[in-house]
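First up is the structure itself, then whatever we jot down about it.
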Amino acid sequence: MMLIPSKHALHMFQQNRYELRRYSKWLNDNISKNTLLKLVIALIFVIIYYMVLRNYIPFISFIIIICLIIYNILKERKKAYIKPLVYTARVKRQIVILALLDLIILIIVTYFVNYEDLLGLVVIAYVMNWFMIYPMAIITMPMEKAVQLYFINDASKILRKHDDLIKIGITGSYGKTSSKNIVQNIISDRYRSLMTPASFNTPMGITITIREHLKATDQVFVCEMGADKVGDIKYLCKFVKPQIGLVTSIGPQHLQTFKTMDNIIKEKMQMIECLPKNGLGIINIDNEYIRNYKINNKCKIVTYGIYHEATYRACDISYSPQGSTFNILYENEKYAFKTKLLGEHNIMNILAAVAIARHLGIEWNELAKSVRQVDYVEHRLQVKKINGYTFIDNAFNSNPEGAAMSLKVMSMMPNKRFIITPGLIDLGTLQQKLNYEFGEKMIGNVDVVILVGEKQTLPIFNGLQDSGFDMENVYIVSNVKEAFNKVYNMASLQDIILLENDLTDAFSK
């Protein structure tokens, strides 16, 4: 009876990182109106049912239950998810607990409920499946913590056996994954290096990397470290113990859980403050929050940037659909670089990687060659051809800083410039303001705007309107498929199309 609705609820719980606080907010934002409508319809049906069809209650109840199951199965099969439910070991444990909870409800129904009340219970159960996540999460929480602790302790033992392993910790509100990939690309020409794959930046993601992939012959471990609440970075630094720490940027990301910018700043800078005294801290001096922060550590600090004096500074930057060219200024000497990557933030990421590589003894001529060969990071200002059209794919977890840089790249592109975006999320109380500013910044940088999701993108629409953007070139669609159909009908093969962010199913509305 509750299998398919429970699957959808579990799916959304997974997309909200198995966190009840995030799931509760999603539930409040997305389910309340829909559930209320279902309850009203169900109430009307129950009234008719009891008044007119009372003598056929057992038979009709059975038919309704079967129809509900068939309806939900067909509805689930037709739905095309952006990110399907992943059946991890954790999810399988959760499914077992949900099944047991369903069994308990079935036993209660069997022994304590009259046939006359059966339909009402079916209706209540159909709606309650969203709330079964709460007891399931509470029941499984001790088990999950025990499992995680066992594997983390095992990974710590493995790290302790690698006494000479160079460990590089990378964090920041934005740019962690891109920087990590570029660092790995550059130093792996000289060193046997392992990095945490994809966005494996949580304790369990790092643990899986260490336990399944770290070899005795590895010389360097490049470890991305994420944080969405106070204490995360300090915990990961205590776990991994990096000797080199990089902070790529600080901004209003995960404000929903951090609550204040001050908490975010202090947490991200733990990457530098937890380094050993003989360690190396590398920081983005162009970032105002980092620049103004007083570091409580006597370790060596190296800076990089474009707009402020830095140890490693990029200048003479130019973009084209083929990539970027720039110089790195270091100790009054200029070194020429070329890369297929686009955007100032990618140049900043290269600067950070160069700083690490120089510390590890890699020469400038080797670095220039490695940077030329650095490939795109998937969905991060990645130039690609789709059906013959030129796309700049910046679909992964867009943020205010990255979105502004994407628009700057678009400003230098030839022919007509399109943008497809559902807007920015996870920005707490600043979300509407920052999306409004995103809309304002589009004027002069793009020519046609396609907004995905009317409710989600309303602040962007308002920003566009107030900036004086030609609103005849602004289109609102309900999903990404419609957006692609729209752009294919309007763009030529010579035009440039920016994909800015791609929200999961839990946040598309």
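In the structure tokens, the first chain shown is A, the next is B, and so on; residue numbers restart at 1 for each chain, and ligands run from 1 in the order shown.
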Review point. Could you pull the residues within 8 Å of range 238-254 of chain A, counting only C-alpha atoms, minus those fewer than 6 positions along the same chain, as a PyMOL selection string?
Key: chain A and resi 156+159+166-176+179+228-229+261+264-265+268-269+271-272+274-276+278-284+287+289-290+349+352+399+401+426-428+430
Review point. Which polymer residues have any atom within 12 Å of an atom of Ile139 in chain A, counting only C-alpha atoms, with same-chain residues fewer than 2 positions away left out, as JSON, numbers by chain?
Key: {"A": [93, 94, 96, 97, 98, 100, 101, 132, 133, 134, 135, 136, 137, 141, 142, 143, 144, 145]}
Can you spit out the residues from that selection as a compact mmCIF listing (two decimals), in the first residue's frame, using all heavy atoms?
# COMPACT_ATOMS: atom_id res chain seq x y z
N ARG A 93 19.20 -0.57 4.16
CA ARG A 93 18.86 -0.70 5.58
C ARG A 93 17.60 0.11 5.90
O ARG A 93 16.74 -0.33 6.67
CB ARG A 93 20.03 -0.24 6.45
CG ARG A 93 21.24 -1.17 6.41
CD ARG A 93 22.25 -0.83 7.49
NE ARG A 93 22.94 0.43 7.24
CZ ARG A 93 24.09 0.53 6.58
NH1 ARG A 93 24.66 -0.56 6.06
NH2 ARG A 93 24.68 1.70 6.41
N GLN A 94 17.51 1.30 5.30
CA GLN A 94 16.34 2.14 5.54
C GLN A 94 15.07 1.50 4.98
O GLN A 94 14.01 1.60 5.59
CB GLN A 94 16.57 3.52 4.91
CG GLN A 94 17.65 4.32 5.62
CD GLN A 94 18.03 5.61 4.89
OE1 GLN A 94 17.76 5.75 3.70
NE2 GLN A 94 18.65 6.53 5.60
N VAL A 96 14.46 -1.68 4.77
CA VAL A 96 14.09 -2.76 5.70
C VAL A 96 13.29 -2.20 6.88
O VAL A 96 12.25 -2.73 7.27
CB VAL A 96 15.34 -3.51 6.20
CG1 VAL A 96 14.99 -4.45 7.35
CG2 VAL A 96 15.99 -4.29 5.07
N ILE A 97 13.77 -1.08 7.44
CA ILE A 97 13.08 -0.47 8.58
C ILE A 97 11.71 0.06 8.18
O ILE A 97 10.72 -0.12 8.90
CB ILE A 97 13.94 0.66 9.19
CG1 ILE A 97 15.26 0.10 9.72
CG2 ILE A 97 13.18 1.36 10.31
CD1 ILE A 97 15.12 -0.97 10.79
N LEU A 98 11.63 0.70 6.99
CA LEU A 98 10.33 1.18 6.50
C LEU A 98 9.36 0.01 6.31
O LEU A 98 8.17 0.13 6.64
CB LEU A 98 10.51 1.94 5.19
CG LEU A 98 11.03 3.37 5.28
CD1 LEU A 98 11.33 3.92 3.88
CD2 LEU A 98 10.03 4.27 5.98
N LEU A 100 9.39 -2.82 7.95
CA LEU A 100 8.98 -3.28 9.29
C LEU A 100 7.93 -2.35 9.89
O LEU A 100 6.97 -2.81 10.52
CB LEU A 100 10.21 -3.36 10.21
CG LEU A 100 11.19 -4.50 9.91
CD1 LEU A 100 12.43 -4.37 10.77
CD2 LEU A 100 10.52 -5.86 10.13
N LEU A 101 8.11 -1.05 9.68
CA LEU A 101 7.12 -0.09 10.18
C LEU A 101 5.78 -0.30 9.48
O LEU A 101 4.71 -0.23 10.11
CB LEU A 101 7.62 1.33 9.96
CG LEU A 101 8.80 1.78 10.85
CD1 LEU A 101 9.33 3.14 10.39
CD2 LEU A 101 8.37 1.85 12.31
N MET A 132 6.66 8.85 7.62
CA MET A 132 7.30 7.62 8.10
C MET A 132 8.82 7.73 8.06
O MET A 132 9.52 6.95 8.71
CB MET A 132 6.84 6.43 7.25
CG MET A 132 5.36 6.12 7.36
SD MET A 132 4.88 5.65 9.03
CE MET A 132 5.57 4.02 9.11
N ILE A 133 9.33 8.69 7.28
CA ILE A 133 10.78 8.92 7.22
C ILE A 133 11.32 9.26 8.61
O ILE A 133 12.44 8.86 8.97
CB ILE A 133 11.10 10.04 6.22
CG1 ILE A 133 10.79 9.60 4.78
CG2 ILE A 133 12.56 10.49 6.33
CD1 ILE A 133 11.63 8.47 4.26
N TYR A 134 10.55 9.98 9.41
CA TYR A 134 11.04 10.44 10.71
C TYR A 134 11.32 9.29 11.69
O TYR A 134 12.44 9.20 12.21
CB TYR A 134 10.05 11.45 11.31
CG TYR A 134 10.03 12.77 10.56
CD1 TYR A 134 9.13 12.97 9.52
CD2 TYR A 134 10.92 13.78 10.87
CE1 TYR A 134 9.11 14.16 8.81
CE2 TYR A 134 10.91 14.98 10.18
CZ TYR A 134 10.00 15.17 9.14
OH TYR A 134 9.99 16.34 8.43
N PRO A 135 10.35 8.40 11.94
CA PRO A 135 10.70 7.28 12.83
C PRO A 135 11.77 6.39 12.24
O PRO A 135 12.63 5.87 12.97
CB PRO A 135 9.36 6.52 12.99
CG PRO A 135 8.51 6.96 11.85
CD PRO A 135 8.92 8.37 11.57
N MET A 136 11.75 6.20 10.90
CA MET A 136 12.79 5.38 10.26
C MET A 136 14.17 5.98 10.51
O MET A 136 15.12 5.27 10.88
CB MET A 136 12.52 5.28 8.76
CG MET A 136 13.56 4.49 7.97
SD MET A 136 15.01 5.47 7.49
CE MET A 136 14.29 6.63 6.36
N ALA A 137 14.30 7.31 10.33
CA ALA A 137 15.60 7.97 10.51
C ALA A 137 16.07 7.89 11.96
O ALA A 137 17.26 7.66 12.23
CB ALA A 137 15.50 9.43 10.07
N MET A 141 19.43 5.84 13.02
CA MET A 141 20.55 6.75 13.32
C MET A 141 21.68 6.10 14.14
O MET A 141 22.86 6.21 13.77
CB MET A 141 20.02 7.99 14.05
CG MET A 141 21.04 9.12 14.15
SD MET A 141 20.36 10.55 15.02
CE MET A 141 18.96 10.97 13.97
N PRO A 142 21.40 5.41 15.27
CA PRO A 142 22.50 4.77 16.02
C PRO A 142 23.26 3.75 15.18
O PRO A 142 24.49 3.66 15.27
CB PRO A 142 21.77 4.11 17.20
CG PRO A 142 20.47 4.82 17.31
CD PRO A 142 20.09 5.20 15.91
N MET A 143 22.51 2.99 14.37
CA MET A 143 23.15 1.98 13.52
C MET A 143 24.07 2.64 12.50
O MET A 143 25.21 2.19 12.30
CB MET A 143 22.05 1.19 12.79
CG MET A 143 22.57 0.04 11.94
SD MET A 143 21.29 -0.57 10.80
CE MET A 143 19.83 -0.58 11.80
N GLU A 144 23.60 3.72 11.86
CA GLU A 144 24.42 4.41 10.85
C GLU A 144 25.67 5.02 11.47
O GLU A 144 26.75 4.97 10.89
CB GLU A 144 23.59 5.49 10.15
CG GLU A 144 22.40 4.98 9.36
CD GLU A 144 22.78 3.93 8.34
OE1 GLU A 144 23.91 3.97 7.81
OE2 GLU A 144 21.94 3.05 8.05
N LYS A 145 25.51 5.59 12.66
CA LYS A 145 26.68 6.18 13.34
C LYS A 145 27.71 5.12 13.70
O LYS A 145 28.92 5.35 13.57
CB LYS A 145 26.23 6.95 14.59
CG LYS A 145 25.55 8.26 14.27
CD LYS A 145 25.29 9.08 15.54
CE LYS A 145 24.73 10.45 15.17
NZ LYS A 145 24.45 11.27 16.37
**Study point:** All residues 7 Å or closer to range 329-333 of chain A, only C-alpha atoms, same chain fewer than 5 positions away omitted, as a PyMOL selection string
**Key:** chain A and resi 311-314
Residue neighbourhood range 438-443 of chain A, 6 Å, only C-alpha atoms, exclusion window fewer than 4 positions, as a compact mmCIF listing (two decimals) with N, CA and C atoms, in the first residue's frame:
# COMPACT_ATOMS: atom_id res chain seq x y z
N ILE A 460 14.92 36.12 -10.11
CA ILE A 460 15.75 36.40 -11.29
C ILE A 460 14.94 37.21 -12.30
N GLY A 463 14.76 40.72 -11.18
CA GLY A 463 16.05 41.39 -11.39
C GLY A 463 16.27 41.77 -12.83
N LEU A 464 15.90 40.87 -13.74
CA LEU A 464 15.99 41.16 -15.17
C LEU A 464 15.12 42.36 -15.54
N SER A 467 16.42 45.66 -14.24
CA SER A 467 17.70 46.09 -14.84
C SER A 467 17.51 46.73 -16.21
N PHE A 469 16.46 44.81 -18.86
CA PHE A 469 16.65 43.75 -19.85
C PHE A 469 15.42 43.68 -20.76
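Take the candidates A:Asp29, A:Glu267, A:Glu224, A:Asp375 and check each one against Asn185 in chain A using only C-alpha atoms; the shortest distance goes to A:Asp375.
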Using DSSP secondary structure from the backbone, list all strand (DSSP E or B) positions within range 143-291 of chain A, as a JSON list (two decimals) with N, CA and C atoms, in the first residue's frame.
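Everything below was put into result-v7.json:
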[["chain", "number", "residue", "atom", "x", "y", "z"],
["A", 166, "ILE", "N", 52.15, 12.60, 1.52],
["A", 166, "ILE", "CA", 51.87, 14.04, 1.51],
["A", 166, "ILE", "C", 50.37, 14.22, 1.36],
["A", 167, "LYS", "N", 49.73, 14.84, 2.35],
["A", 167, "LYS", "CA", 48.28, 14.98, 2.35],
["A", 167, "LYS", "C", 47.90, 16.45, 2.13],
["A", 168, "ILE", "N", 47.10, 16.68, 1.11],
["A", 168, "ILE", "CA", 46.68, 18.03, 0.74],
["A", 168, "ILE", "C", 45.18, 18.15, 0.99],
["A", 169, "GLY", "N", 44.79, 19.06, 1.87],
["A", 169, "GLY", "CA", 43.38, 19.30, 2.17],
["A", 169, "GLY", "C", 42.88, 20.51, 1.39],
["A", 170, "ILE", "N", 41.72, 20.39, 0.77],
["A", 170, "ILE", "CA", 41.15, 21.48, -0.03],
["A", 170, "ILE", "C", 39.72, 21.74, 0.42],
["A", 171, "THR", "N", 39.43, 22.99, 0.78],
["A", 171, "THR", "CA", 38.07, 23.35, 1.12],
["A", 171, "THR", "C", 37.75, 24.75, 0.60],
["A", 193, "SER", "N", 49.74, 9.95, -7.29],
["A", 193, "SER", "CA", 48.81, 10.73, -6.49],
["A", 193, "SER", "C", 47.40, 10.17, -6.54],
["A", 194, "LEU", "N", 46.73, 10.17, -5.40],
["A", 194, "LEU", "CA", 45.32, 9.75, -5.30],
["A", 194, "LEU", "C", 44.50, 10.96, -4.86],
["A", 195, "MET", "N", 43.34, 11.14, -5.49],
["A", 195, "MET", "CA", 42.42, 12.18, -5.04],
["A", 195, "MET", "C", 41.06, 11.57, -4.70],
["A", 220, "VAL", "N", 51.08, 11.04, -2.76],
["A", 220, "VAL", "CA", 50.29, 12.23, -2.41],
["A", 220, "VAL", "C", 48.81, 11.84, -2.34],
["A", 221, "PHE", "N", 48.12, 12.41, -1.36],
["A", 221, "PHE", "CA", 46.67, 12.24, -1.24],
["A", 221, "PHE", "C", 46.02, 13.62, -1.30],
["A", 222, "VAL", "N", 45.26, 13.87, -2.38],
["A", 222, "VAL", "CA", 44.56, 15.15, -2.56],
["A", 222, "VAL", "C", 43.13, 14.97, -2.08],
["A", 223, "CYS", "N", 42.79, 15.63, -0.99],
["A", 223, "CYS", "CA", 41.54, 15.35, -0.29],
["A", 223, "CYS", "C", 40.64, 16.59, -0.25],
["A", 224, "GLU", "N", 39.51, 16.50, -0.94],
["A", 224, "GLU", "CA", 38.50, 17.56, -0.86],
["A", 224, "GLU", "C", 37.72, 17.42, 0.44],
["A", 244, "ILE", "N", 49.41, 20.25, 3.84],
["A", 244, "ILE", "CA", 49.16, 21.40, 2.96],
["A", 244, "ILE", "C", 47.65, 21.66, 2.94],
["A", 245, "GLY", "N", 47.27, 22.92, 3.16],
["A", 245, "GLY", "CA", 45.85, 23.25, 3.19],
["A", 245, "GLY", "C", 45.53, 24.38, 2.21],
["A", 246, "LEU", "N", 44.46, 24.23, 1.45],
["A", 246, "LEU", "CA", 44.04, 25.24, 0.47],
["A", 246, "LEU", "C", 42.61, 25.66, 0.77],
["A", 247, "VAL", "N", 42.40, 26.98, 0.87],
["A", 247, "VAL", "CA", 41.05, 27.54, 0.98],
["A", 247, "VAL", "C", 40.77, 28.31, -0.30],
["A", 280, "LEU", "N", 51.93, 24.14, 5.11],
["A", 280, "LEU", "CA", 51.80, 25.23, 4.15],
["A", 280, "LEU", "C", 50.33, 25.54, 3.94],
["A", 281, "GLY", "N", 49.97, 26.81, 4.18],
["A", 281, "GLY", "CA", 48.61, 27.28, 3.94],
["A", 281, "GLY", "C", 48.55, 28.10, 2.66],
["A", 282, "ILE", "N", 47.59, 27.80, 1.79],
["A", 282, "ILE", "CA", 47.45, 28.51, 0.51],
["A", 282, "ILE", "C", 46.06, 29.13, 0.47],
["A", 283, "ILE", "N", 45.99, 30.45, 0.28],
["A", 283, "ILE", "CA", 44.70, 31.14, 0.37],
["A", 283, "ILE", "C", 44.47, 32.08, -0.81],
["A", 284, "ASN", "N", 43.20, 32.23, -1.16],
["A", 284, "ASN", "CA", 42.76, 33.11, -2.23],
["A", 284, "ASN", "C", 42.66, 34.54, -1.68]]
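The interatomic distance for the pair CA of Thr202 in chain A and CA of Met225 in chain A works out to 6.5 Å.
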Check your understanding: Which residues, written as a ChimeraX atom specification, have at least one atom at most 10 Å from Leu498 in chain A, with only C-alpha atoms counted and residues fewer than 5 positions away on the same chain left out?
Key -> /A:381-383,390-395,406-407,409-410,417-421,446,449
Generate the output file for the selected residues, C-alpha atoms, as a CSV table (one decimal), in the first residue's frame.
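To be explicit, this is the file written out as again02.csv:
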chain,number,residue,atom,x,y,z
A,381,LEU,CA,32.3,25.8,-17.5
A,382,GLN,CA,32.8,22.8,-19.7
A,383,VAL,CA,32.6,23.6,-23.5
A,390,THR,CA,28.0,25.0,-28.6
A,391,PHE,CA,27.2,24.8,-24.9
A,392,ILE,CA,29.1,26.1,-21.9
A,393,ASP,CA,28.1,23.6,-19.2
A,394,ASN,CA,28.2,25.1,-15.7
A,395,ALA,CA,25.4,22.9,-14.4
A,406,SER,CA,30.0,32.6,-16.0
A,407,LEU,CA,28.3,35.8,-17.1
A,409,VAL,CA,32.9,34.6,-19.7
A,410,MET,CA,29.7,34.9,-21.8
A,417,ARG,CA,24.3,34.4,-26.2
A,418,PHE,CA,21.7,32.2,-24.4
A,419,ILE,CA,21.5,31.2,-20.7
A,420,ILE,CA,19.4,28.4,-19.3
A,421,THR,CA,19.1,28.4,-15.5
A,446,VAL,CA,23.6,37.4,-22.4
A,449,VAL,CA,17.3,34.1,-20.9
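For the pair CA of Thr457 in chain A and CA of Asn435 in chain A, the separation is 7.6 Å.
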Exercise for review: List the neighbours of Leu458 in chain A out to 9 Å using only C-alpha atoms; skip same-chain residues closer than 4 positions along the sequence, and give me the result as a list in words.
Suggested key: Gln432, Asn435, Tyr436, Leu451, Gly453, Glu454, Asn462 and Gly463 of chain A
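Comparing A:Ser318, A:Gln465, A:Gln270, A:Asn485 by their smallest distance to Tyr293 in chain A, the closest is A:Gln270 (using only C-alpha atoms).
Taking only C-alpha atoms, the non-local environment of range 204-217 of chain A within 7 Å (same-chain residues fewer than 2 positions away omitted) comprises Gln148, Phe151, Ile152, Ala155, Leu194, Thr196, Phe200, Asn201, Thr202 and Gln219 of chain A.
For the residues A:Gly388, A:Lys25, A:Ile476, A:Ile362, ranking by smallest atom-to-atom distance to Leu493 in chain A using only C-alpha atoms places A:Gly388 first.
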Review point. So, counting only C-alpha atoms, which residue among A:Gly402, A:Pro422, A:Gly231, A:Pro414 is closest to Glu344 in chain A?
Key: A:Gly402
